[in-house]
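Data block for structure_4.pdb (PDB, C-alpha atoms):
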```
ATOM      1  CA  ARG M   1      21.007  39.998 -31.854
ATOM      2  CA  GLY M   2      21.031  38.862 -35.442
ATOM      3  CA  VAL M   3      20.616  35.156 -34.647
ATOM      4  CA  SER M   4      20.114  32.913 -37.658
ATOM      5  CA  ARG M   5      18.683  29.446 -37.360
ATOM      6  CA  GLY M   6      20.135  27.959 -40.530
ATOM      7  CA  PRO M   7      23.071  25.582 -40.650
ATOM      8  CA  ALA M   8      26.357  27.346 -39.997
ATOM      9  CA  LEU M   9      29.672  27.052 -38.230
ATOM     10  CA  LEU M  10      29.330  29.544 -35.383
ATOM     11  CA  VAL M  11      32.751  30.885 -34.399
ATOM     12  CA  SER M  12      32.697  32.481 -30.958
ATOM     13  CA  ASN M  13      34.771  33.829 -28.107
ATOM     14  CA  HIS M  14      34.607  31.839 -24.858
ATOM     15  CA  SER M  15      34.808  32.795 -21.184
ATOM     16  CA  SER M  16      32.770  30.164 -19.332
ATOM     17  CA  TRP M  17      30.924  26.865 -19.423
ATOM     18  CA  LEU M  18      27.913  29.178 -19.193
ATOM     19  CA  ASP M  19      28.482  30.188 -22.836
ATOM     20  CA  ILE M  20      27.170  26.756 -23.837
ATOM     21  CA  VAL M  21      23.916  27.321 -21.939
ATOM     22  CA  VAL M  22      23.555  30.834 -23.371
ATOM     23  CA  LEU M  23      24.149  29.838 -27.002
ATOM     24  CA  SER M  24      21.910  26.781 -26.670
ATOM     25  CA  ALA M  25      19.118  29.115 -25.524
ATOM     26  CA  CYS M  26      19.649  31.291 -28.609
ATOM     27  CA  ARG M  27      19.553  28.592 -31.291
ATOM     28  CA  PRO M  28      19.960  24.873 -31.892
ATOM     29  CA  THR M  29      23.648  23.978 -32.052
ATOM     30  CA  CYS M  30      26.136  21.330 -31.036
ATOM     31  CA  PHE M  31      29.585  22.243 -29.773
ATOM     32  CA  VAL M  32      33.214  21.450 -30.437
ATOM     33  CA  GLY M  33      35.078  20.513 -27.245
ATOM     34  CA  LYS M  34      38.359  19.008 -26.151
ATOM     35  CA  SER M  35      38.323  15.228 -25.886
ATOM     36  CA  ASP M  36      38.951  15.091 -22.120
ATOM     37  CA  ILE M  37      35.501  16.658 -21.488
ATOM     38  CA  ALA M  38      33.968  13.350 -22.585
ATOM     39  CA  GLY M  39      35.313  11.766 -19.385
ATOM     40  CA  TRP M  40      34.075  14.444 -16.981
ATOM     41  CA  PRO M  41      31.361  13.347 -14.555
ATOM     42  CA  ILE M  42      27.925  14.754 -15.465
ATOM     43  CA  PHE M  43      29.265  17.329 -17.964
ATOM     44  CA  GLY M  44      30.728  14.610 -20.183
ATOM     45  CA  ALA M  45      27.363  12.857 -20.352
ATOM     46  CA  LEU M  46      25.605  16.154 -21.092
ATOM     47  CA  ALA M  47      28.141  16.942 -23.826
ATOM     48  CA  ARG M  48      27.576  13.553 -25.439
ATOM     49  CA  LEU M  49      23.788  14.061 -25.321
ATOM     50  CA  GLN M  50      24.274  17.381 -27.096
ATOM     51  CA  GLU M  51      26.297  15.607 -29.810
ATOM     52  CA  THR M  52      29.537  17.431 -29.012
ATOM     53  CA  ILE M  53      32.365  16.933 -31.486
ATOM     54  CA  PHE M  54      35.285  15.928 -29.270
ATOM     55  CA  ILE M  55      38.606  17.042 -30.756
ATOM     56  CA  ARG M  56      42.095  15.666 -30.258
ATOM     57  CA  ARG M  57      44.432  18.597 -29.671
ATOM     58  CA  GLY M  58      47.970  18.546 -31.002
ATOM     59  CA  SER M  59      47.339  16.115 -33.844
ATOM     60  CA  ARG M  60      47.424  17.345 -37.447
ATOM     61  CA  MET M  61      45.604  14.238 -38.617
ATOM     62  CA  GLY M  62      43.100  14.712 -35.802
ATOM     63  CA  ALA M  63      42.547  18.388 -36.689
ATOM     64  CA  ALA M  64      41.818  17.483 -40.317
ATOM     65  CA  ALA M  65      39.340  14.787 -39.283
ATOM     66  CA  ASP M  66      37.705  17.108 -36.733
ATOM     67  CA  ALA M  67      37.375  19.914 -39.297
ATOM     68  CA  ALA M  68      35.860  17.446 -41.756
ATOM     69  CA  GLU M  69      33.317  16.291 -39.145
ATOM     70  CA  MET M  70      32.357  19.887 -38.387
ATOM     71  CA  ALA M  71      31.888  20.602 -42.104
ATOM     72  CA  ARG M  72      29.904  17.377 -42.563
ATOM     73  CA  ARG M  73      27.485  18.299 -39.791
ATOM     74  CA  VAL M  74      26.954  21.839 -41.075
ATOM     75  CA  ALA M  75      26.440  20.529 -44.623
ATOM     76  CA  ALA M  76      23.857  18.104 -43.183
ATOM     77  CA  GLY M  77      21.901  21.050 -41.742
ATOM     78  CA  GLN M  78      23.191  21.241 -38.182
ATOM     79  CA  GLY M  79      24.506  24.295 -36.351
ATOM     80  CA  VAL M  80      28.003  23.731 -34.924
ATOM     81  CA  THR M  81      29.684  26.097 -32.445
ATOM     82  CA  LEU M  82      33.464  26.424 -32.281
ATOM     83  CA  PHE M  83      35.004  28.406 -29.425
ATOM     84  CA  ALA M  84      37.933  29.512 -31.536
ATOM     85  CA  GLU M  85      40.131  30.795 -28.698
ATOM     86  CA  GLY M  86      40.743  27.158 -27.745
ATOM     87  CA  THR M  87      40.321  27.967 -24.032
ATOM     88  CA  THR M  88      38.327  30.294 -21.809
ATOM     89  CA  SER M  89      39.335  33.924 -21.270
ATOM     90  CA  ASP M  90      38.836  36.097 -18.207
ATOM     91  CA  GLY M  91      35.751  37.681 -19.811
ATOM     92  CA  CYS M  92      37.405  41.066 -20.286
ATOM     93  CA  GLY M  93      38.406  40.620 -23.903
ATOM     94  CA  VAL M  94      38.972  38.158 -26.720
ATOM     95  CA  LEU M  95      42.004  35.887 -27.015
ATOM     96  CA  PRO M  96      43.551  35.133 -30.443
ATOM     97  CA  PHE M  97      41.429  32.739 -32.490
ATOM     98  CA  ARG M  98      43.116  29.486 -33.473
ATOM     99  CA  SER M  99      42.840  28.584 -37.106
ATOM    100  CA  ALA M 100      43.465  24.814 -37.269
ATOM    101  CA  LEU M 101      39.806  23.825 -37.129
ATOM    102  CA  LEU M 102      38.880  26.350 -39.824
ATOM    103  CA  ALA M 103      40.840  24.362 -42.396
ATOM    104  CA  GLY M 104      38.615  23.191 -45.201
ATOM    105  CA  VAL M 105      35.775  25.646 -44.516
ATOM    106  CA  GLU M 106      36.026  27.175 -47.990
ATOM    107  CA  ALA M 107      36.354  23.816 -49.751
ATOM    108  CA  ALA M 108      33.332  22.492 -47.842
ATOM    109  CA  ALA M 109      31.340  25.567 -48.934
ATOM    110  CA  ILE M 110      29.700  25.917 -45.511
ATOM    111  CA  ALA M 111      28.447  29.103 -43.929
ATOM    112  CA  VAL M 112      30.510  30.648 -41.139
ATOM    113  CA  GLN M 113      28.955  33.051 -38.649
ATOM    114  CA  PRO M 114      30.890  35.114 -36.088
ATOM    115  CA  VAL M 115      29.418  35.292 -32.577
ATOM    116  CA  ALA M 116      30.360  37.500 -29.630
ATOM    117  CA  ILE M 117      29.360  36.816 -26.018
ATOM    118  CA  ALA M 118      29.787  39.410 -23.253
ATOM    119  CA  TYR M 119      28.566  39.269 -19.654
ATOM    120  CA  THR M 120      27.464  42.786 -18.724
ATOM    121  CA  ALA M 121      25.623  42.822 -15.366
ATOM    122  CA  ARG M 122      25.130  40.720 -12.239
ATOM    123  CA  ASN M 123      22.054  41.087 -10.023
ATOM    124  CA  GLY M 124      21.215  44.314 -11.869
ATOM    125  CA  ALA M 125      24.611  45.979 -11.341
ATOM    126  CA  PRO M 126      26.980  46.542 -14.284
ATOM    127  CA  LEU M 127      30.065  44.337 -14.223
ATOM    128  CA  ASP M 128      33.504  45.914 -14.054
ATOM    129  CA  ALA M 129      36.646  43.999 -15.041
ATOM    130  CA  GLN M 130      36.846  42.243 -11.657
ATOM    131  CA  GLY M 131      33.196  41.241 -11.864
ATOM    132  CA  ARG M 132      33.683  39.793 -15.362
ATOM    133  CA  ARG M 133      36.657  37.783 -14.070
ATOM    134  CA  GLU M 134      34.443  36.390 -11.302
ATOM    135  CA  ILE M 135      31.733  35.358 -13.789
ATOM    136  CA  ALA M 136      34.225  33.799 -16.228
ATOM    137  CA  TRP M 137      35.455  30.256 -15.659
ATOM    138  CA  TRP M 138      39.129  30.542 -16.500
ATOM    139  CA  GLY M 139      42.603  29.849 -15.232
ATOM    140  CA  ASP M 140      42.624  27.400 -12.336
ATOM    141  CA  LYS M 141      39.072  28.004 -11.082
ATOM    142  CA  GLU M 142      37.429  24.837  -9.857
ATOM    143  CA  LEU M 143      34.182  23.944 -11.604
ATOM    144  CA  ALA M 144      31.931  22.982  -8.669
ATOM    145  CA  PRO M 145      32.397  26.181  -6.598
ATOM    146  CA  HIS M 146      32.033  28.309  -9.738
ATOM    147  CA  LEU M 147      28.831  26.497 -10.675
ATOM    148  CA  ILE M 148      27.410  27.112  -7.185
ATOM    149  CA  GLU M 149      28.318  30.827  -7.355
ATOM    150  CA  ILE M 150      26.628  31.241 -10.728
ATOM    151  CA  LEU M 151      23.482  29.356  -9.676
ATOM    152  CA  ALA M 152      23.208  31.560  -6.560
ATOM    153  CA  LEU M 153      22.893  34.736  -8.654
ATOM    154  CA  GLU M 154      19.519  36.448  -8.895
ATOM    155  CA  SER M 155      20.260  37.512 -12.459
ATOM    156  CA  LEU M 156      23.061  37.674 -14.984
ATOM    157  CA  ASP M 157      22.859  39.833 -18.097
ATOM    158  CA  VAL M 158      24.615  38.603 -21.198
ATOM    159  CA  ARG M 159      24.812  40.154 -24.626
ATOM    160  CA  VAL M 160      25.109  37.779 -27.585
ATOM    161  CA  GLU M 161      25.650  39.210 -31.045
ATOM    162  CA  PHE M 162      25.627  37.202 -34.227
ATOM    163  CA  GLY M 163      27.403  38.593 -37.276
ATOM    164  CA  GLU M 164      26.308  37.847 -40.805
ATOM    165  CA  ALA M 165      26.612  34.227 -41.912
ATOM    166  CA  GLU M 166      28.746  33.938 -45.049
ATOM    167  CA  ARG M 167      30.571  31.436 -47.184
ATOM    168  CA  PRO M 168      34.230  32.507 -47.191
ATOM    169  CA  ALA M 169      35.835  32.626 -50.624
ATOM    170  CA  GLY M 170      39.537  32.853 -51.413
ATOM    171  CA  GLU M 171      40.594  33.229 -47.792
ATOM    172  CA  ASP M 172      43.017  30.882 -46.043
ATOM    173  CA  ARG M 173      42.209  29.611 -42.540
ATOM    174  CA  LYS M 174      44.602  32.016 -40.791
ATOM    175  CA  ALA M 175      43.142  35.073 -42.497
ATOM    176  CA  LEU M 176      39.630  33.807 -41.767
ATOM    177  CA  ALA M 177      40.489  33.273 -38.081
ATOM    178  CA  ARG M 178      41.943  36.802 -37.820
ATOM    179  CA  ARG M 179      38.889  38.339 -39.470
ATOM    180  CA  LEU M 180      36.425  36.438 -37.264
ATOM    181  CA  GLU M 181      38.481  37.327 -34.173
ATOM    182  CA  THR M 182      38.436  41.018 -35.129
ATOM    183  CA  GLN M 183      34.652  40.937 -35.550
ATOM    184  CA  ALA M 184      34.151  39.189 -32.194
ATOM    185  CA  ARG M 185      36.570  41.549 -30.432
ATOM    186  CA  ARG M 186      34.830  44.623 -31.842
ATOM    187  CA  ARG M 187      31.423  43.358 -30.666
ATOM    188  CA  VAL M 188      32.674  42.348 -27.195
ATOM    189  CA  GLU M 189      34.419  45.701 -26.686
ATOM    190  CA  ALA M 190      31.239  47.562 -27.711
ATOM    191  CA  ALA M 191      29.132  45.468 -25.303
ATOM    192  CA  LEU M 192      31.525  46.116 -22.419
ATOM    193  CA  ALA M 193      31.976  49.848 -23.117
TER     194      ALA M 193
END
```
Show this structure as structure tokens.
Amino acid sequence: RGVSRGPALLVSNHSSWLDIVVLSACRPTCFVGKSDIAGWPIFGALARLQETIFIRRGSRMGAAADAAEMARRVAAGQGVTLFAEGTTSDGCGVLPFRSALLAGVEAAAIAVQPVAIAYTARNGAPLDAQGRREIAWWGDKELAPHLIEILALESLDVRVEFGEAERPAGEDRKALARRLETQARRRVEAALA
């Protein structure tokens, strides 16, 4: 719902590698991912083809450069998706959004758009908390078996909601992260209710 196609920094919750497929089906976007993904077999090559911005975690200088690259791409007309939790959740809620990569959003004058993703049914049956944990790729789940399980499904219902794109004004990165997290959490909770 509410998808916009214009350039924006999409700030979303994250529960699975499947979120990338889902959001890519909704609109053109590249993604922000941790640098070690670049070395993964198959998925690293796919991430590079999709022009993923690979970030270096734990480096203040790296975070500033990564935020600048995200802003540059949005300013150049590209959609960029940031999974602001910094990791995948169990699909039952939203983890706290990290603010480091939101630094410079206001100064860059780029649009920011909150996004919420919730998996709601599998093979026509509504998902309960255990079912959402099975669909999510989190914790120490191995990728290959999870991929096989997902591909074996007849159907998987997902609800994606896009908030209004806006250019934040007068808001520091931590306040912006909290506000975007609250919007995502509210939408995910409504989808799962």
Could you tell me how far atom CA of Gln183 of chain M sits from atom CA of Ala71 of chain M, in Å to one decimal place?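 Between atom CA of Ala71 of chain M and atom CA of Gln183 of chain M the gap works out to 21.5 Å.
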Target residues per the PyMOL selection byres ((chain M and resi 153-155) around 12), formatted as a list in words: Tyr119, Thr120, Ala121, Arg122, Asn123, Gly124, Ala125, Pro126, Glu134, Ile135, His146, Leu147, Ile148, Glu149, Ile150, Leu151, Ala152, Leu156, Asp157 and Val158 of chain M
Between M:Val11, M:Val22, M:Val105, M:Ala100, which residue has the minimum interatomic distance to Leu180 of chain M, considering all atoms listed in the file? M:Val11
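Between Ala136 of chain M and the residues M:Leu18, M:Val94, M:Ala177, M:Ala47, the shortest atom-to-atom distance, using all atoms listed in the file, involves M:Leu18.
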Contacts of segment 25-28 of chain M at 12 Å (only C-alpha atoms; same-chain gap of 4+ positions) as a list of chain:residue names: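 The residues that qualify are M:Arg1, M:Gly2, M:Val3, M:Ser4, M:Arg5, M:Gly6, M:Pro7, M:Ala8, M:Leu9, M:Leu10, M:Leu18, M:Asp19, M:Ile20, M:Val21, M:Gln50, M:Glu51, M:Val74, M:Gly77, M:Gln78, M:Gly79, M:Val80, M:Thr81, M:Val115, M:Ile117, M:Val158, M:Arg159, M:Val160, M:Glu161, M:Phe162.
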Where does the PyMOL selection byres ((chain M and resi 189) around 12) land in this file, that is, which residues does it pick, as a ChimeraX atom specification? /M:13,91-94,116-120,129,159,161,181-188,190-193
Just how far from atom CA of Trp17 of chain M is atom CA of Trp137 of chain M, in Å to one decimal?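 Answer for the atom CA of Trp137 of chain M to atom CA of Trp17 of chain M separation: 6.8 Å.
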Which residue out of M:Ala175, M:Leu23, M:Leu101, M:Ala84 has the minimum interatomic distance to Arg56 of chain M when all atoms listed in the file are used?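 Selected residue with least distance to Arg56 of chain M: M:Leu101.
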Mind giving me the axis-aligned box for segment 67-86 of chain M with 5 Å on every side, centre plus edges in Å to one decimal, as lines of an AutoDock Vina configuration file?
```
center_x = 31.3
center_y = 23.5
center_z = -36.2
size_x = 28.8
size_y = 24.5
size_z = 26.9
```
Quick one: of M:Ile55, M:Leu127, M:Ile110, M:Ala103, who's nearest to Leu176 of chain M, counting only C-alpha atoms?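 Going through M:Ile55, M:Leu127, M:Ile110, M:Ala103 one by one, the smallest distance to Leu176 of chain M is for M:Ala103.
In this model, the gap between atom CA of Gly44 of chain M and atom CA of Ser12 of chain M comes to 21.0 Å.
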Counting only C-alpha atoms, figure out which residue out of M:Glu171, M:Leu49, M:Ala38, M:Ser89 gets nearest to Gly139 of chain M. M:Ser89
Starting from the shown file, work through the PyMOL selection byres ((chain M and resi 66) around 8) and note down what comes out as a list of chain:residue names. M:Ile53, M:Phe54, M:Ile55, M:Arg56, M:Gly62, M:Ala63, M:Ala64, M:Ala65, M:Ala67, M:Ala68, M:Glu69, M:Met70, M:Leu101
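For the residues M:Pro145, M:Gly104, M:Gly163, M:Gly33, ranking by smallest atom-to-atom distance to His14 of chain M using only C-alpha atoms places M:Gly33 first.
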Write out as a PDB file with C-alpha atoms, keeping the file's coordinate frame which residues come within 9 Å of Lys174 of chain M when counting all atoms listed in the file, dropping same-chain ones fewer than 4 positions away.
```pdb
ATOM      1  CA  PHE M  97      41.429  32.739 -32.490  1.00  0.00           C
ATOM      2  CA  ARG M  98      43.116  29.486 -33.473  1.00  0.00           C
ATOM      3  CA  SER M  99      42.840  28.584 -37.106  1.00  0.00           C
ATOM      4  CA  ALA M 100      43.465  24.814 -37.269  1.00  0.00           C
ATOM      5  CA  LEU M 102      38.880  26.350 -39.824  1.00  0.00           C
ATOM      6  CA  ALA M 103      40.840  24.362 -42.396  1.00  0.00           C
ATOM      7  CA  ARG M 178      41.943  36.802 -37.820  1.00  0.00           C
ATOM      8  CA  ARG M 179      38.889  38.339 -39.470  1.00  0.00           C
TER       9      ARG M 179
END
```
Determine, counting all atoms listed in the file, which protein, DNA and RNA residues have an atom within 9 Å of an atom of Arg167 of chain M; residues of the same chain fewer than 4 positions away are not included. Present the result as a list in words. Val105, Glu106, Ala109, Ile110, Ala111, Val112 and Gln113 of chain M
Since the input lacks atoms, please generate all heavy atoms for segment 180-191 of chain M and provide them as a PDB file, keeping the file's coordinate frame.
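Output (rebuild34.pdb):
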```pdb
ATOM      1  N   LEU M 180      37.483  36.791 -38.211  1.00  0.00           N
ATOM      2  CA  LEU M 180      36.425  36.438 -37.264  1.00  0.00           C
ATOM      3  C   LEU M 180      36.760  36.931 -35.856  1.00  0.00           C
ATOM      4  O   LEU M 180      35.888  37.410 -35.119  1.00  0.00           O
ATOM      5  CB  LEU M 180      36.192  34.929 -37.271  1.00  0.00           C
ATOM      6  CG  LEU M 180      35.630  34.354 -38.574  1.00  0.00           C
ATOM      7  CD1 LEU M 180      35.688  32.840 -38.557  1.00  0.00           C
ATOM      8  CD2 LEU M 180      34.225  34.857 -38.843  1.00  0.00           C
ATOM      9  N   GLU M 181      38.031  36.820 -35.479  1.00  0.00           N
ATOM     10  CA  GLU M 181      38.481  37.327 -34.173  1.00  0.00           C
ATOM     11  C   GLU M 181      38.259  38.831 -34.069  1.00  0.00           C
ATOM     12  O   GLU M 181      37.772  39.331 -33.046  1.00  0.00           O
ATOM     13  CB  GLU M 181      39.961  36.996 -33.992  1.00  0.00           C
ATOM     14  CG  GLU M 181      40.591  37.584 -32.758  1.00  0.00           C
ATOM     15  CD  GLU M 181      42.106  37.470 -32.783  1.00  0.00           C
ATOM     16  OE1 GLU M 181      42.646  36.497 -33.361  1.00  0.00           O
ATOM     17  OE2 GLU M 181      42.759  38.369 -32.205  1.00  0.00           O
ATOM     18  N   THR M 182      38.614  39.564 -35.122  1.00  0.00           N
ATOM     19  CA  THR M 182      38.436  41.018 -35.129  1.00  0.00           C
ATOM     20  C   THR M 182      36.966  41.388 -34.964  1.00  0.00           C
ATOM     21  O   THR M 182      36.619  42.292 -34.205  1.00  0.00           O
ATOM     22  CB  THR M 182      39.002  41.617 -36.431  1.00  0.00           C
ATOM     23  OG1 THR M 182      40.405  41.341 -36.483  1.00  0.00           O
ATOM     24  CG2 THR M 182      38.773  43.113 -36.515  1.00  0.00           C
ATOM     25  N   GLN M 183      36.090  40.660 -35.668  1.00  0.00           N
ATOM     26  CA  GLN M 183      34.652  40.937 -35.550  1.00  0.00           C
ATOM     27  C   GLN M 183      34.151  40.647 -34.136  1.00  0.00           C
ATOM     28  O   GLN M 183      33.389  41.439 -33.567  1.00  0.00           O
ATOM     29  CB  GLN M 183      33.882  40.104 -36.577  1.00  0.00           C
ATOM     30  CG  GLN M 183      34.112  40.560 -37.998  1.00  0.00           C
ATOM     31  CD  GLN M 183      33.332  39.725 -38.987  1.00  0.00           C
ATOM     32  OE1 GLN M 183      32.228  39.270 -38.710  1.00  0.00           O
ATOM     33  NE2 GLN M 183      33.903  39.518 -40.160  1.00  0.00           N
ATOM     34  N   ALA M 184      34.568  39.525 -33.558  1.00  0.00           N
ATOM     35  CA  ALA M 184      34.151  39.189 -32.194  1.00  0.00           C
ATOM     36  C   ALA M 184      34.686  40.219 -31.201  1.00  0.00           C
ATOM     37  O   ALA M 184      33.956  40.682 -30.317  1.00  0.00           O
ATOM     38  CB  ALA M 184      34.619  37.788 -31.818  1.00  0.00           C
ATOM     39  N   ARG M 185      35.956  40.577 -31.353  1.00  0.00           N
ATOM     40  CA  ARG M 185      36.570  41.549 -30.432  1.00  0.00           C
ATOM     41  C   ARG M 185      35.832  42.887 -30.492  1.00  0.00           C
ATOM     42  O   ARG M 185      35.530  43.488 -29.459  1.00  0.00           O
ATOM     43  CB  ARG M 185      38.051  41.736 -30.770  1.00  0.00           C
ATOM     44  CG  ARG M 185      38.732  42.765 -29.848  1.00  0.00           C
ATOM     45  CD  ARG M 185      40.234  42.812 -30.050  1.00  0.00           C
ATOM     46  NE  ARG M 185      40.830  41.651 -29.415  1.00  0.00           N
ATOM     47  CZ  ARG M 185      41.414  40.659 -30.072  1.00  0.00           C
ATOM     48  NH1 ARG M 185      41.508  40.692 -31.381  1.00  0.00           N
ATOM     49  NH2 ARG M 185      41.922  39.635 -29.423  1.00  0.00           N
ATOM     50  N   ARG M 186      35.515  43.346 -31.688  1.00  0.00           N
ATOM     51  CA  ARG M 186      34.830  44.623 -31.842  1.00  0.00           C
ATOM     52  C   ARG M 186      33.466  44.576 -31.135  1.00  0.00           C
ATOM     53  O   ARG M 186      33.094  45.508 -30.421  1.00  0.00           O
ATOM     54  CB  ARG M 186      34.657  44.940 -33.329  1.00  0.00           C
ATOM     55  CG  ARG M 186      34.099  46.334 -33.585  1.00  0.00           C
ATOM     56  CD  ARG M 186      33.898  46.612 -35.061  1.00  0.00           C
ATOM     57  NE  ARG M 186      32.703  45.879 -35.505  1.00  0.00           N
ATOM     58  CZ  ARG M 186      32.678  44.994 -36.489  1.00  0.00           C
ATOM     59  NH1 ARG M 186      33.782  44.712 -37.158  1.00  0.00           N
ATOM     60  NH2 ARG M 186      31.562  44.394 -36.822  1.00  0.00           N
ATOM     61  N   ARG M 187      32.748  43.480 -31.283  1.00  0.00           N
ATOM     62  CA  ARG M 187      31.423  43.358 -30.666  1.00  0.00           C
ATOM     63  C   ARG M 187      31.525  43.244 -29.135  1.00  0.00           C
ATOM     64  O   ARG M 187      30.721  43.808 -28.422  1.00  0.00           O
ATOM     65  CB  ARG M 187      30.687  42.159 -31.248  1.00  0.00           C
ATOM     66  CG  ARG M 187      30.180  42.403 -32.655  1.00  0.00           C
ATOM     67  CD  ARG M 187      29.451  41.173 -33.206  1.00  0.00           C
ATOM     68  NE  ARG M 187      28.735  41.511 -34.425  1.00  0.00           N
ATOM     69  CZ  ARG M 187      29.264  41.402 -35.634  1.00  0.00           C
ATOM     70  NH1 ARG M 187      30.498  40.961 -35.806  1.00  0.00           N
ATOM     71  NH2 ARG M 187      28.546  41.721 -36.695  1.00  0.00           N
ATOM     72  N   VAL M 188      32.499  42.479 -28.649  1.00  0.00           N
ATOM     73  CA  VAL M 188      32.674  42.348 -27.195  1.00  0.00           C
ATOM     74  C   VAL M 188      33.066  43.691 -26.591  1.00  0.00           C
ATOM     75  O   VAL M 188      32.503  44.108 -25.564  1.00  0.00           O
ATOM     76  CB  VAL M 188      33.723  41.253 -26.858  1.00  0.00           C
ATOM     77  CG1 VAL M 188      34.145  41.322 -25.393  1.00  0.00           C
ATOM     78  CG2 VAL M 188      33.173  39.869 -27.193  1.00  0.00           C
ATOM     79  N   GLU M 189      34.002  44.395 -27.213  1.00  0.00           N
ATOM     80  CA  GLU M 189      34.419  45.701 -26.686  1.00  0.00           C
ATOM     81  C   GLU M 189      33.251  46.677 -26.655  1.00  0.00           C
ATOM     82  O   GLU M 189      33.091  47.436 -25.694  1.00  0.00           O
ATOM     83  CB  GLU M 189      35.578  46.249 -27.516  1.00  0.00           C
ATOM     84  CG  GLU M 189      36.876  45.532 -27.261  1.00  0.00           C
ATOM     85  CD  GLU M 189      38.005  45.938 -28.215  1.00  0.00           C
ATOM     86  OE1 GLU M 189      37.738  46.701 -29.181  1.00  0.00           O
ATOM     87  OE2 GLU M 189      39.140  45.477 -27.996  1.00  0.00           O
ATOM     88  N   ALA M 190      32.408  46.665 -27.688  1.00  0.00           N
ATOM     89  CA  ALA M 190      31.239  47.562 -27.711  1.00  0.00           C
ATOM     90  C   ALA M 190      30.255  47.198 -26.595  1.00  0.00           C
ATOM     91  O   ALA M 190      29.700  48.077 -25.927  1.00  0.00           O
ATOM     92  CB  ALA M 190      30.551  47.496 -29.069  1.00  0.00           C
ATOM     93  N   ALA M 191      30.054  45.909 -26.357  1.00  0.00           N
ATOM     94  CA  ALA M 191      29.132  45.468 -25.303  1.00  0.00           C
ATOM     95  C   ALA M 191      29.640  45.846 -23.912  1.00  0.00           C
ATOM     96  O   ALA M 191      28.837  46.146 -23.021  1.00  0.00           O
ATOM     97  CB  ALA M 191      28.927  43.961 -25.394  1.00  0.00           C
TER      98      ALA M 191
END
```
